[in-house]
>>> print(open('final-v4.pdb').read())   # PDB, C-alpha atoms and all ligand atoms
MODEL        1
ATOM      1  CA  MET B  22      94.557 162.932  50.949
ATOM      2  CA  GLU B  23      93.148 160.412  53.366
ATOM      3  CA  GLN B  24      94.280 156.877  52.570
ATOM      4  CA  TYR B  25      93.564 153.268  53.497
ATOM      5  CA  PRO B  26      91.959 151.599  55.350
ATOM      6  CA  PRO B  27      88.718 152.538  53.561
ATOM      7  CA  LYS B  28      86.066 154.083  55.752
ATOM      8  CA  PRO B  29      82.746 152.236  55.599
ATOM      9  CA  GLU B  30      80.726 155.458  55.782
ATOM     10  CA  VAL B  31      80.239 157.668  52.731
ATOM     11  CA  ASN B  32      80.480 161.454  52.986
ATOM     12  CA  MET B  33      78.800 163.534  50.303
ATOM     13  CA  MET B  34      78.420 167.247  49.688
ATOM     14  CA  LEU B  35      75.722 168.742  47.461
ATOM     15  CA  LEU B  36      76.934 171.744  45.482
ATOM     16  CA  GLY B  37      75.263 173.827  42.803
ATOM     17  CA  MET B  38      73.239 176.838  41.778
ATOM     18  CA  THR B  39      70.430 178.283  43.872
ATOM     19  CA  GLY B  40      67.237 176.344  43.180
ATOM     20  CA  SER B  41      68.957 173.493  41.328
ATOM     21  CA  GLY B  42      67.462 170.935  43.719
ATOM     22  CA  LYS B  43      70.266 170.321  46.235
ATOM     23  CA  SER B  44      68.039 170.104  49.311
ATOM     24  CA  ALA B  45      65.408 168.020  47.510
ATOM     25  CA  SER B  46      68.167 165.628  46.386
ATOM     26  CA  GLY B  47      69.491 165.428  49.952
ATOM     27  CA  ASN B  48      66.009 164.452  51.109
ATOM     28  CA  THR B  49      65.735 161.838  48.352
ATOM     29  CA  ILE B  50      69.067 160.282  49.391
ATOM     30  CA  ILE B  51      68.058 160.123  53.037
ATOM     31  CA  GLY B  52      64.608 158.810  52.106
ATOM     32  CA  GLY B  53      61.515 158.412  54.255
ATOM     33  CA  HIS B  54      59.170 161.162  55.329
ATOM     34  CA  LYS B  55      61.554 163.082  57.535
ATOM     35  CA  LYS B  56      62.824 165.474  54.813
ATOM     36  CA  PRO B  57      65.414 167.198  57.017
ATOM     37  CA  PHE B  58      66.532 169.664  54.356
ATOM     38  CA  LYS B  59      64.203 172.592  53.689
ATOM     39  CA  GLU B  60      63.318 172.792  50.009
ATOM     40  CA  ASP B  61      61.212 175.362  48.224
ATOM     41  CA  PHE B  62      60.590 176.941  44.858
ATOM     42  CA  SER B  63      62.164 180.388  45.170
ATOM     43  CA  PRO B  64      64.404 182.675  43.103
ATOM     44  CA  SER B  65      66.483 183.520  46.179
ATOM     45  CA  SER B  66      68.410 181.105  48.362
ATOM     46  CA  VAL B  67      66.185 178.873  50.479
ATOM     47  CA  THR B  68      69.085 177.164  52.243
ATOM     48  CA  LYS B  69      70.939 179.864  54.193
ATOM     49  CA  VAL B  70      73.369 177.682  56.140
ATOM     50  CA  CYS B  71      75.014 174.387  55.276
ATOM     51  CA  THR B  72      73.441 171.501  57.144
ATOM     52  CA  THR B  73      74.624 167.968  57.749
ATOM     53  CA  GLU B  74      72.469 164.872  58.113
ATOM     54  CA  ILE B  75      73.652 161.362  58.840
ATOM     55  CA  ALA B  76      71.441 158.444  57.873
ATOM     56  CA  GLU B  77      71.485 154.704  57.315
ATOM     57  CA  VAL B  78      70.755 154.042  53.658
ATOM     58  CA  ASN B  79      70.758 150.453  52.377
ATOM     59  CA  GLY B  80      72.709 149.439  55.481
ATOM     60  CA  GLN B  81      75.417 152.029  54.869
ATOM     61  CA  THR B  82      76.066 155.170  56.922
ATOM     62  CA  ILE B  83      75.785 158.204  54.679
ATOM     63  CA  THR B  84      76.649 161.763  55.664
ATOM     64  CA  VAL B  85      74.951 164.296  53.434
ATOM     65  CA  ILE B  86      75.949 167.961  53.534
ATOM     66  CA  ASP B  87      73.494 170.360  51.939
ATOM     67  CA  THR B  88      75.077 173.682  51.019
ATOM     68  CA  VAL B  89      74.103 177.269  50.337
ATOM     69  CA  GLY B  90      73.398 177.779  46.633
ATOM     70  CA  LEU B  91      75.685 179.727  44.357
ATOM     71  CA  SER B  92      73.590 182.611  43.097
ATOM     72  CA  ASP B  93      73.263 183.897  39.535
ATOM     73  CA  THR B  94      74.626 187.297  40.379
ATOM     74  CA  ASP B  95      77.792 186.822  42.353
ATOM     75  CA  VAL B  96      79.600 183.559  42.801
ATOM     76  CA  GLU B  97      82.964 185.144  43.498
ATOM     77  CA  ILE B  98      83.262 185.555  47.240
ATOM     78  CA  THR B  99      80.010 184.926  48.975
ATOM     79  CA  ASP B 100      78.676 183.715  52.257
ATOM     80  CA  ALA B 101      78.331 180.394  50.456
ATOM     81  CA  GLN B 102      82.098 180.015  50.329
ATOM     82  CA  THR B 103      82.568 180.715  54.037
ATOM     83  CA  GLU B 104      79.788 178.285  54.874
ATOM     84  CA  ILE B 105      81.173 175.532  52.642
ATOM     85  CA  GLU B 106      84.672 176.116  54.007
ATOM     86  CA  LYS B 107      83.436 175.589  57.567
ATOM     87  CA  LYS B 108      82.044 172.203  56.602
ATOM     88  CA  LEU B 109      85.227 171.174  54.799
ATOM     89  CA  GLN B 110      87.202 171.820  57.970
ATOM     90  CA  ARG B 111      85.204 169.126  59.710
ATOM     91  CA  THR B 112      84.414 166.503  57.070
ATOM     92  CA  ASN B 113      86.578 164.815  54.478
ATOM     93  CA  LEU B 114      84.555 163.985  51.412
ATOM     94  CA  ASP B 115      84.142 160.939  49.198
ATOM     95  CA  ALA B 116      81.890 162.648  46.688
ATOM     96  CA  PHE B 117      80.763 166.071  45.586
ATOM     97  CA  LEU B 118      77.354 165.927  43.959
ATOM     98  CA  LEU B 119      77.314 168.740  41.440
ATOM     99  CA  VAL B 120      73.590 169.405  41.156
ATOM    100  CA  ILE B 121      72.311 170.701  37.801
ATOM    101  CA  LYS B 122      68.649 171.242  36.969
ATOM    102  CA  LEU B 123      67.636 169.532  33.729
ATOM    103  CA  VAL B 124      65.379 171.040  31.080
ATOM    104  CA  GLU B 125      66.740 174.531  31.553
ATOM    105  CA  PRO B 126      69.437 176.052  29.381
ATOM    106  CA  PHE B 127      72.946 175.563  30.727
ATOM    107  CA  THR B 128      73.508 179.310  30.818
ATOM    108  CA  ASN B 129      76.669 181.351  31.249
ATOM    109  CA  GLU B 130      75.821 181.869  34.923
ATOM    110  CA  LYS B 131      75.671 178.125  35.469
ATOM    111  CA  ARG B 132      78.916 177.608  33.598
ATOM    112  CA  LYS B 133      80.422 180.327  35.783
ATOM    113  CA  ALA B 134      79.249 178.530  38.917
ATOM    114  CA  VAL B 135      80.822 175.261  37.759
ATOM    115  CA  LYS B 136      84.061 177.106  36.964
ATOM    116  CA  TRP B 137      83.941 178.715  40.404
ATOM    117  CA  ILE B 138      83.702 175.280  42.007
ATOM    118  CA  GLN B 139      86.603 173.967  39.932
ATOM    119  CA  GLU B 140      88.798 176.992  40.668
ATOM    120  CA  ASN B 141      88.016 177.209  44.361
ATOM    121  CA  PHE B 142      88.234 173.514  45.122
ATOM    122  CA  GLY B 143      91.076 172.734  42.685
ATOM    123  CA  ALA B 144      91.632 169.936  40.187
ATOM    124  CA  ASN B 145      91.122 167.299  42.888
ATOM    125  CA  VAL B 146      87.463 168.183  43.166
ATOM    126  CA  LEU B 147      86.802 166.647  39.752
ATOM    127  CA  LYS B 148      88.252 163.325  40.919
ATOM    128  CA  HIS B 149      85.447 163.212  43.451
ATOM    129  CA  THR B 150      82.592 164.699  41.432
ATOM    130  CA  ILE B 151      79.383 163.079  40.248
ATOM    131  CA  VAL B 152      77.075 165.332  38.228
ATOM    132  CA  LEU B 153      73.579 164.936  39.642
ATOM    133  CA  PHE B 154      70.840 166.055  37.266
ATOM    134  CA  THR B 155      67.522 166.862  38.925
ATOM    135  CA  HIS B 156      64.008 167.217  37.437
ATOM    136  CA  GLY B 157      64.349 163.856  35.709
ATOM    137  CA  ASP B 158      60.513 163.835  35.592
ATOM    138  CA  ALA B 159      60.584 166.613  32.974
ATOM    139  CA  LEU B 160      63.097 164.848  30.727
ATOM    140  CA  ARG B 161      61.502 163.920  27.392
ATOM    141  CA  GLU B 162      64.459 162.141  25.799
ATOM    142  CA  GLN B 163      67.289 159.855  26.780
ATOM    143  CA  ILE B 164      69.721 161.573  29.112
ATOM    144  CA  GLU B 165      72.669 160.587  26.869
ATOM    145  CA  ILE B 166      71.078 162.467  23.952
ATOM    146  CA  TYR B 167      70.210 165.443  26.168
ATOM    147  CA  VAL B 168      73.797 165.754  27.423
ATOM    148  CA  SER B 169      75.327 165.221  23.987
ATOM    149  CA  ARG B 170      73.379 168.211  22.610
ATOM    150  CA  SER B 171      75.259 170.698  24.824
ATOM    151  CA  GLN B 172      78.996 171.050  24.386
ATOM    152  CA  SER B 173      79.499 172.674  27.797
ATOM    153  CA  LEU B 174      77.308 170.172  29.629
ATOM    154  CA  ARG B 175      79.206 167.349  27.934
ATOM    155  CA  SER B 176      82.467 168.902  28.996
ATOM    156  CA  VAL B 177      81.375 169.126  32.665
ATOM    157  CA  VAL B 178      80.287 165.483  32.631
ATOM    158  CA  GLU B 179      83.460 164.310  30.879
ATOM    159  CA  GLN B 180      85.682 166.072  33.406
ATOM    160  CA  SER B 181      83.849 164.574  36.395
ATOM    161  CA  SER B 182      85.385 161.235  37.378
ATOM    162  CA  GLY B 183      82.108 159.929  38.776
ATOM    163  CA  GLY B 184      80.075 160.549  35.601
ATOM    164  CA  TYR B 185      76.457 161.536  36.055
ATOM    165  CA  HIS B 186      73.179 160.397  37.507
ATOM    166  CA  VAL B 187      69.566 161.534  37.176
ATOM    167  CA  PHE B 188      67.163 162.115  40.068
ATOM    168  CA  ASN B 189      63.454 162.674  39.972
ATOM    169  CA  ASN B 190      62.918 164.159  43.399
ATOM    170  CA  THR B 191      59.143 163.856  43.140
ATOM    171  CA  ASP B 192      59.490 160.086  42.979
ATOM    172  CA  GLU B 193      59.933 158.174  46.226
ATOM    173  CA  ASP B 194      61.342 155.140  44.431
ATOM    174  CA  GLN B 195      64.592 154.383  46.270
ATOM    175  CA  SER B 196      66.135 152.503  43.319
ATOM    176  CA  GLN B 197      67.482 155.834  41.999
ATOM    177  CA  VAL B 198      69.309 156.248  45.330
ATOM    178  CA  THR B 199      70.658 152.688  45.192
ATOM    179  CA  GLU B 200      72.017 153.455  41.704
ATOM    180  CA  LEU B 201      73.640 156.689  42.923
ATOM    181  CA  LEU B 202      75.282 154.862  45.829
ATOM    182  CA  LYS B 203      76.654 152.260  43.389
ATOM    183  CA  LYS B 204      78.181 155.054  41.322
ATOM    184  CA  SER B 205      79.642 156.643  44.421
ATOM    185  CA  GLU B 206      81.133 153.276  45.492
ATOM    186  CA  SER B 207      82.777 152.869  42.050
ATOM    187  CA  LEU B 208      84.164 156.373  42.411
ATOM    188  CA  ARG B 209      85.516 155.594  45.868
ATOM    189  CA  MET B 210      87.235 152.496  44.494
ATOM    190  CA  LYS B 211      88.624 154.482  41.569
ATOM    191  CA  ASN B 212      90.087 156.957  44.085
ATOM    192  CA  LYS B 213      91.454 154.085  46.205
ATOM    193  CA  TYR B 214      89.226 155.360  49.003
ATOM    194  CA  SER B 215      91.162 158.597  49.342
ATOM    195  CA  ARG B 216      89.008 161.539  50.254
ATOM    196  CA  TYR B 217      88.975 165.210  49.430
ATOM    197  CA  THR B 218      90.360 166.963  52.500
ATOM    198  CA  GLU B 219      90.730 170.452  53.902
ATOM    199  CA  GLN B 220      94.335 170.303  52.720
ATOM    200  CA  ASP B 221      93.177 169.843  49.108
ATOM    201  CA  TYR B 222      91.055 172.936  49.610
ATOM    202  CA  ALA B 223      93.935 174.938  51.132
ATOM    203  CA  GLU B 224      96.157 173.976  48.192
ATOM    204  CA  ALA B 225      93.481 175.024  45.715
ATOM    205  CA  GLN B 226      93.165 178.358  47.486
ATOM    206  CA  LYS B 227      96.926 178.878  47.404
ATOM    207  CA  ALA B 228      97.038 178.083  43.684
ATOM    208  CA  LEU B 229      94.152 180.481  43.072
ATOM    209  CA  LEU B 230      95.989 183.163  44.990
ATOM    210  CA  ARG B 231      99.192 182.615  43.018
ATOM    211  CA  LYS B 232      97.184 182.891  39.786
ATOM    212  CA  LYS B 233      95.528 186.119  40.965
ATOM    213  CA  CYS B 234      98.895 187.559  42.039
ATOM    214  CA  ALA B 235     100.514 186.677  38.732
ATOM    215  CA  THR B 236      97.634 188.275  36.822
ATOM    216  CA  GLY B 237      97.700 191.307  39.131
ATOM    217  CA  ALA B 238     101.463 191.803  38.800
ATOM    218  CA  ALA B 239     101.297 191.331  35.038
ATOM    219  CA  VAL B 240      98.419 193.785  34.716
ATOM    220  CA  GLY B 241     100.112 196.299  37.030
ATOM    221  CA  GLY B 242     103.481 195.971  35.320
ATOM    222  CA  GLY B 243     101.868 195.864  31.871
ATOM    223  CA  VAL B 244      99.889 199.046  32.422
ATOM    224  CA  GLY B 245     103.042 200.763  33.670
ATOM    225  CA  ALA B 246     105.024 199.611  30.668
ATOM    226  CA  VAL B 247     102.318 200.694  28.228
ATOM    227  CA  VAL B 248     101.855 204.086  29.853
ATOM    228  CA  GLY B 249     105.616 204.474  30.238
ATOM    229  CA  GLY B 250     106.133 203.433  26.619
ATOM    230  CA  GLY B 251     103.519 205.911  25.412
ATOM    231  CA  ALA B 252     105.188 208.664  27.372
ATOM    232  CA  ALA B 253     108.561 207.683  25.915
ATOM    233  CA  ALA B 254     107.169 208.106  22.398
ATOM    234  CA  GLY B 255     105.867 211.483  23.499
ATOM    235  CA  THR B 256     109.334 212.421  24.724
ATOM    236  CA  ALA B 257     110.808 211.765  21.323
ATOM    237  CA  ALA B 258     108.184 213.980  19.688
ATOM    238  CA  ALA B 259     108.154 216.826  22.161
ATOM    239  CA  GLY B 260     111.666 216.451  23.477
ATOM    240  CA  GLY B 261     110.509 218.066  26.740
ATOM    241  CA  ALA B 262     111.837 217.358  30.205
ATOM    242  CA  ALA B 263     108.311 217.456  31.657
ATOM    243  CA  VAL B 264     107.277 214.450  29.562
ATOM    244  CA  ALA B 265     110.407 212.609  30.575
ATOM    245  CA  ALA B 266     109.316 213.078  34.187
ATOM    246  CA  GLU B 267     105.987 211.482  33.332
ATOM    247  CA  ILE B 268     107.782 208.344  32.223
ATOM    248  CA  GLY B 269     109.082 207.899  35.723
ATOM    249  CA  VAL B 270     105.629 208.429  37.262
ATOM    250  CA  ALA B 271     103.986 205.992  34.861
ATOM    251  CA  ALA B 272     106.642 203.363  35.415
ATOM    252  CA  LEU B 273     106.297 203.898  39.142
ATOM    253  CA  ILE B 274     102.508 203.458  38.926
ATOM    254  CA  GLY B 275     103.039 200.210  37.022
ATOM    255  CA  ALA B 276     105.567 198.858  39.446
ATOM    256  CA  THR B 277     103.600 200.010  42.482
ATOM    257  CA  GLY B 278     100.410 198.455  41.120
ATOM    258  CA  GLY B 279     102.119 195.097  40.649
ATOM    259  CA  ALA B 280     103.875 195.246  43.986
ATOM    260  CA  ALA B 281     100.690 196.212  45.817
ATOM    261  CA  LEU B 282      98.823 193.282  44.327
ATOM    262  CA  LEU B 283     101.686 190.985  45.203
ATOM    263  CA  ALA B 284     101.715 192.290  48.754
ATOM    264  CA  MET B 285      97.969 191.745  48.954
ATOM    265  CA  GLY B 286      98.505 188.150  47.822
ATOM    266  CA  VAL B 287     101.240 187.551  50.370
ATOM    267  CA  ALA B 288      99.041 189.002  53.116
ATOM    268  CA  THR B 289      96.184 186.679  52.186
ATOM    269  CA  GLY B 290      98.594 183.739  52.086
ATOM    270  CA  VAL B 291      99.769 184.613  55.584
ATOM    271  CA  TYR B 292      96.126 184.741  56.666
ATOM    272  CA  PHE B 293      95.501 181.212  55.351
ATOM    273  CA  LEU B 294      98.671 179.918  57.024
ATOM    274  CA  ALA B 295      97.748 181.595  60.299
ATOM    275  CA  ARG B 296      94.325 180.042  60.154
ATOM    276  CA  LYS B 297      95.796 176.633  59.440
ATOM    277  CA  TYR B 298      98.243 177.063  62.336
ATOM    278  CA  LYS B 299      95.366 177.932  64.644
ATOM    279  CA  LYS B 300      93.449 174.875  63.515
ATOM    280  CA  ASP B 301      96.413 172.510  63.787
ATOM    281  CA  ASN B 302      96.989 173.688  67.343
ATOM    282  CA  ARG B 303      93.484 173.590  68.693
ATOM    283  CA  ASP B 304      92.452 170.558  70.772
TER
HETATM  284  N1  LIG B 401      59.439 168.361  39.619
HETATM  285  C1  LIG B 401      60.583 168.370  40.303
HETATM  286  N2  LIG B 401      60.817 169.361  41.205
HETATM  287  C2  LIG B 401      62.005 169.341  41.858
HETATM  288  C3  LIG B 401      62.982 168.332  41.658
HETATM  289  N3  LIG B 401      64.048 168.619  42.436
HETATM  290  C4  LIG B 401      63.741 169.749  43.102
HETATM  291  N4  LIG B 401      62.507 170.188  42.766
HETATM  292  C5  LIG B 401      61.831 171.413  43.255
HETATM  293  O1  LIG B 401      62.624 172.525  42.908
HETATM  294  C6  LIG B 401      62.530 173.545  43.922
HETATM  295  C7  LIG B 401      63.921 173.915  44.401
HETATM  296  O2  LIG B 401      64.507 172.803  45.036
HETATM  297  P1  LIG B 401      65.476 172.952  46.305
HETATM  298  O3  LIG B 401      65.890 171.567  46.679
HETATM  299  O4  LIG B 401      64.892 173.786  47.359
HETATM  300  O5  LIG B 401      66.704 173.702  45.603
HETATM  301  P2  LIG B 401      68.081 174.139  46.282
HETATM  302  O6  LIG B 401      69.141 173.873  45.283
HETATM  303  O7  LIG B 401      68.247 173.497  47.590
HETATM  304  O8  LIG B 401      67.862 175.699  46.428
HETATM  305  P3  LIG B 401      68.600 176.730  47.423
HETATM  306  O9  LIG B 401      68.598 176.166  48.794
HETATM  307  O10 LIG B 401      67.790 177.970  47.305
HETATM  308  O11 LIG B 401      69.982 176.914  46.871
HETATM  309  C8  LIG B 401      61.659 172.952  45.037
HETATM  310  O12 LIG B 401      60.331 173.419  44.876
HETATM  311  C9  LIG B 401      61.730 171.451  44.789
HETATM  312  O13 LIG B 401      60.609 170.746  45.275
HETATM  313  C10 LIG B 401      62.694 167.281  40.711
HETATM  314  O14 LIG B 401      63.473 166.361  40.467
HETATM  315  N5  LIG B 401      61.478 167.363  40.063
HETATM  316 MG    MG B 402      68.458 174.269  49.446
ENDMDL
END
>>> encode(input="final-v4.pdb", output="structure tokens")
Amino acid sequence: MEQYPPKPEVNMMLLGMTGSGKSASGNTIIGGHKKPFKEDFSPSSVTKVCTTEIAEVNGQTITVIDTVGLSDTDVEITDAQTEIEKKLQRTNLDAFLLVIKLVEPFTNEKRKAVKWIQENFGANVLKHTIVLFTHGDALREQIEIYVSRSQSLRSVVEQSSGGYHVFNNTDEDQSQVTELLKKSESLRMKNKYSRYTEQDYAEAQKALLRKKCATGAAVGGGVGAVVGGGAAAGTAAAGGAAVAAEIGVAALIGATGGAALLAMGVATGVYFLARKYKKDNRD
């Protein structure tokens, strides 16, 4: 993590589902009529590549990174991840703005997207997260009451060190931006001005890989043991040599399955290390 002395400029990344209002929020933060981020009402991704804008807001330099939305269908390994990764290699971040559209059910897909962010960016991401609710104009009750009515929404907010904030992106009133910047400054202080870095991301990826390997090996070994065990029971009943041979095959399948997954994991780990080596050694 990056440490003292604190950097005067604030780096933020907007993350969230497709159509949640990331680009519109980026435009609100930057203010004025420029609207550098393309926003539109569409079921498919409007933002196709991550874009960075640097602006002076209330006398402070703010870098805003707008990202590709996580889609409803597949948030596992998408172009979004590659795009976001590229940005993380260049910019250390003070805050992730986790953009969630209000007045829409917090569905399984959205929960999945939040989980994806947490898994892929690691526990450290939550230390830098502010939940940014959009469509504040459609809110018909106090935000506290709205959040308290959904267990999963409450949980996301409670886990995010920076709390939450509401934007109405149809309103040009800059006081909502001033409030957001105050919250981000409190978060920066809370984190002693350390930033989320590419190293945090690499560690999260390694941990994810270890978890996948462990699950893969367990599943591979488990299947082998179950099949092998079943065959063993069969041996007792039939007492045949042919069945006994099957035990060996089943056990082999189990072991091979686990080993193959492990090898896959090691190969991916080597890939990450190689990439890091390349980066560390470029000028
Ligand atoms: N009424 C209202 N509309 C909003 C608000 N925020 C965003 N929108 C609209 O919602 C639509 C989607 O917003 P975008 O900012 O393009 O969403 P996005 O998350 O960038 O979408 P992708 O780039 O496709 O991932 C646009 O038509 C916006 O104008 C808001 O606070 N209130
Ligand atoms: Mg967008």
>>> residues_around(input="final-v4.pdb", residues="segment 164-179 of chain B", least_positions_apart="6", cutoff="9 Å", atoms="all atoms listed in the file", output="count of residues only")
10
>>> closest_atom_pairs(input="final-v4.pdb", of="chain B", to="ligand LIG 401 (chain B)", cutoff="7 Å", atoms="only C-alpha atoms and all ligand atoms", output="JSON lines")
{"residue": "B:Gly37", "atom": "CA", "partner": "B:LIG401", "partner_atom": "O6", "distance": 6.6}
{"residue": "B:Met38", "atom": "CA", "partner": "B:LIG401", "partner_atom": "O11", "distance": 6.0}
{"residue": "B:Thr39", "atom": "CA", "partner": "B:LIG401", "partner_atom": "O11", "distance": 3.3}
{"residue": "B:Gly40", "atom": "CA", "partner": "B:LIG401", "partner_atom": "O8", "distance": 3.4}
{"residue": "B:Ser41", "atom": "CA", "partner": "B:LIG401", "partner_atom": "O6", "distance": 4.0}
{"residue": "B:Gly42", "atom": "CA", "partner": "B:LIG401", "partner_atom": "O3", "distance": 3.4}
{"residue": "B:Lys43", "atom": "CA", "partner": "B:LIG401", "partner_atom": "O6", "distance": 3.8}
{"residue": "B:Ser44", "atom": "CA", "partner": "B:LIG401", "partner_atom": "O3", "distance": 3.7}
{"residue": "B:Ala45", "atom": "CA", "partner": "B:LIG401", "partner_atom": "O3", "distance": 3.7}
{"residue": "B:Ser46", "atom": "CA", "partner": "B:LIG401", "partner_atom": "O3", "distance": 6.4}
{"residue": "B:Lys59", "atom": "CA", "partner": "B:LIG401", "partner_atom": "O4", "distance": 6.5}
{"residue": "B:Glu60", "atom": "CA", "partner": "B:LIG401", "partner_atom": "O4", "distance": 3.2}
{"residue": "B:Asp61", "atom": "CA", "partner": "B:LIG401", "partner_atom": "O12", "distance": 4.0}
{"residue": "B:Phe62", "atom": "CA", "partner": "B:LIG401", "partner_atom": "O12", "distance": 3.5}
{"residue": "B:Ser63", "atom": "CA", "partner": "B:LIG401", "partner_atom": "O10", "distance": 6.5}
{"residue": "B:Ser65", "atom": "CA", "partner": "B:LIG401", "partner_atom": "O10", "distance": 5.8}
{"residue": "B:Ser66", "atom": "CA", "partner": "B:LIG401", "partner_atom": "O10", "distance": 3.4}
{"residue": "B:Val67", "atom": "CA", "partner": "B:LIG401", "partner_atom": "O10", "distance": 3.7}
{"residue": "B:Thr68", "atom": "CA", "partner": "B:LIG401", "partner_atom": "O9", "distance": 3.6}
{"residue": "B:Lys69", "atom": "CA", "partner": "B:LIG401", "partner_atom": "O9", "distance": 7.0}
{"residue": "B:Val89", "atom": "CA", "partner": "B:LIG401", "partner_atom": "O11", "distance": 5.4}
{"residue": "B:Gly90", "atom": "CA", "partner": "B:LIG401", "partner_atom": "O11", "distance": 3.5}
{"residue": "B:Leu91", "atom": "CA", "partner": "B:LIG401", "partner_atom": "O11", "distance": 6.8}
{"residue": "B:Thr155", "atom": "CA", "partner": "B:LIG401", "partner_atom": "O14", "distance": 4.4}
{"residue": "B:His156", "atom": "CA", "partner": "B:LIG401", "partner_atom": "O14", "distance": 3.2}
{"residue": "B:Gly157", "atom": "CA", "partner": "B:LIG401", "partner_atom": "O14", "distance": 5.4}
{"residue": "B:Asp158", "atom": "CA", "partner": "B:LIG401", "partner_atom": "N5", "distance": 5.8}
{"residue": "B:Ala159", "atom": "CA", "partner": "B:LIG401", "partner_atom": "N1", "distance": 7.0}
{"residue": "B:Phe188", "atom": "CA", "partner": "B:LIG401", "partner_atom": "O14", "distance": 5.6}
{"residue": "B:Asn189", "atom": "CA", "partner": "B:LIG401", "partner_atom": "O14", "distance": 3.7}
{"residue": "B:Asn190", "atom": "CA", "partner": "B:LIG401", "partner_atom": "O14", "distance": 3.7}
{"residue": "B:Thr191", "atom": "CA", "partner": "B:LIG401", "partner_atom": "N5", "distance": 5.2}
>>> resolve_selection(input="final-v4.pdb", expression="the PyMOL selection byres (((chain B and resi 201) around 12) and not hetatm)", output="JSON, numbers by chain")
{"B": [31, 33, 46, 47, 49, 50, 78, 79, 116, 118, 151, 152, 153, 154, 183, 184, 185, 186, 187, 188, 195, 196, 197, 198, 199, 200, 202, 203, 204, 205, 206, 207, 208]}
>>> atom_distance(input="final-v4.pdb", atom1="atom CA of Gln102 of chain B", atom2="atom CA of Phe58 of chain B")
19.1 Å
>>> closest_residue(input="final-v4.pdb", among="B:Leu36, B:Gln110, B:Lys122, B:Glu30", to="ligand MG 402 (chain B)", atoms="all atoms listed in the file")
B:Leu36
>>> residues_around(input="final-v4.pdb", residues="Val70 of chain B", least_positions_apart="4", cutoff="10 Å", atoms="all atoms listed in the file", output="PyMOL selection string")
chain B and resi 66+87-90+100-101+103-105
>>> atom_distance(input="final-v4.pdb", atom1="atom CA of Thr84 of chain B", atom2="atom CA of Ala144 of chain B")
23.0 Å
>>> closest_residue(input="final-v4.pdb", among="B:Thr72, B:Tyr214, B:Gln81, B:Leu109", to="ligand MG 402 (chain B)", atoms="all atoms listed in the file")
B:Thr72
>>> closest_residue(input="final-v4.pdb", among="B:Val120, B:Lys55, B:Ser215, B:His149", to="ligand MG 402 (chain B)", atoms="all atoms listed in the file")
B:Val120
>>> atom_distance(input="final-v4.pdb", atom1="atom CA of Asn145 of chain B", atom2="atom CA of Ile121 of chain B")
19.8 Å
>>> closest_residue(input="final-v4.pdb", among="B:Glu74, B:Glu219, B:Glu106, B:Asp194", to="Ile86 of chain B", atoms="all atoms listed in the file")
B:Glu74
>>> closest_residue(input="final-v4.pdb", among="B:Pro29, B:Gly143, B:Pro126, B:Gly53", to="Gln220 of chain B", atoms="all atoms listed in the file")
B:Gly143
>>> closest_residue(input="final-v4.pdb", among="B:Ala235, B:Cys71, B:Ala228, B:Ala76", to="ligand MG 402 (chain B)", atoms="all atoms listed in the file")
B:Cys71
>>> decode(input="final-v4.pdb", residues="segment 155-165 of chain B", atoms="N, CA and C atoms", output="PDB file, in the first residue's frame")
ATOM      1  N   THR B 155     -27.430   5.900  -7.138  1.00  0.00           N
ATOM      2  CA  THR B 155     -27.880   6.872  -8.150  1.00  0.00           C
ATOM      3  C   THR B 155     -29.411   6.867  -8.214  1.00  0.00           C
ATOM      4  N   HIS B 156     -29.982   7.764  -9.012  1.00  0.00           N
ATOM      5  CA  HIS B 156     -31.426   7.913  -9.165  1.00  0.00           C
ATOM      6  C   HIS B 156     -32.055   8.384  -7.849  1.00  0.00           C
ATOM      7  N   GLY B 157     -31.318   9.239  -7.157  1.00  0.00           N
ATOM      8  CA  GLY B 157     -31.843   9.830  -5.918  1.00  0.00           C
ATOM      9  C   GLY B 157     -33.146  10.577  -6.165  1.00  0.00           C
ATOM     10  N   ASP B 158     -33.366  11.037  -7.407  1.00  0.00           N
ATOM     11  CA  ASP B 158     -34.594  11.785  -7.745  1.00  0.00           C
ATOM     12  C   ASP B 158     -35.840  10.907  -7.626  1.00  0.00           C
ATOM     13  N   ALA B 159     -35.671   9.589  -7.736  1.00  0.00           N
ATOM     14  CA  ALA B 159     -36.828   8.690  -7.679  1.00  0.00           C
ATOM     15  C   ALA B 159     -37.089   8.176  -6.255  1.00  0.00           C
ATOM     16  N   LEU B 160     -36.237   8.555  -5.333  1.00  0.00           N
ATOM     17  CA  LEU B 160     -36.357   8.054  -3.957  1.00  0.00           C
ATOM     18  C   LEU B 160     -37.539   8.744  -3.256  1.00  0.00           C
ATOM     19  N   ARG B 161     -38.447   7.945  -2.704  1.00  0.00           N
ATOM     20  CA  ARG B 161     -39.645   8.515  -2.085  1.00  0.00           C
ATOM     21  C   ARG B 161     -39.621   8.414  -0.563  1.00  0.00           C
ATOM     22  N   GLU B 162     -38.522   7.978  -0.009  1.00  0.00           N
ATOM     23  CA  GLU B 162     -38.404   7.877   1.451  1.00  0.00           C
ATOM     24  C   GLU B 162     -36.981   8.207   1.844  1.00  0.00           C
ATOM     25  N   GLN B 163     -36.745   8.262   3.152  1.00  0.00           N
ATOM     26  CA  GLN B 163     -35.373   8.550   3.584  1.00  0.00           C
ATOM     27  C   GLN B 163     -34.463   7.396   3.178  1.00  0.00           C
ATOM     28  N   ILE B 164     -33.262   7.733   2.768  1.00  0.00           N
ATOM     29  CA  ILE B 164     -32.331   6.703   2.302  1.00  0.00           C
ATOM     30  C   ILE B 164     -32.034   5.679   3.411  1.00  0.00           C
ATOM     31  N   GLU B 165     -31.967   6.148   4.659  1.00  0.00           N
ATOM     32  CA  GLU B 165     -31.681   5.228   5.780  1.00  0.00           C
ATOM     33  C   GLU B 165     -32.760   4.143   5.840  1.00  0.00           C
TER      34      GLU B 165
END
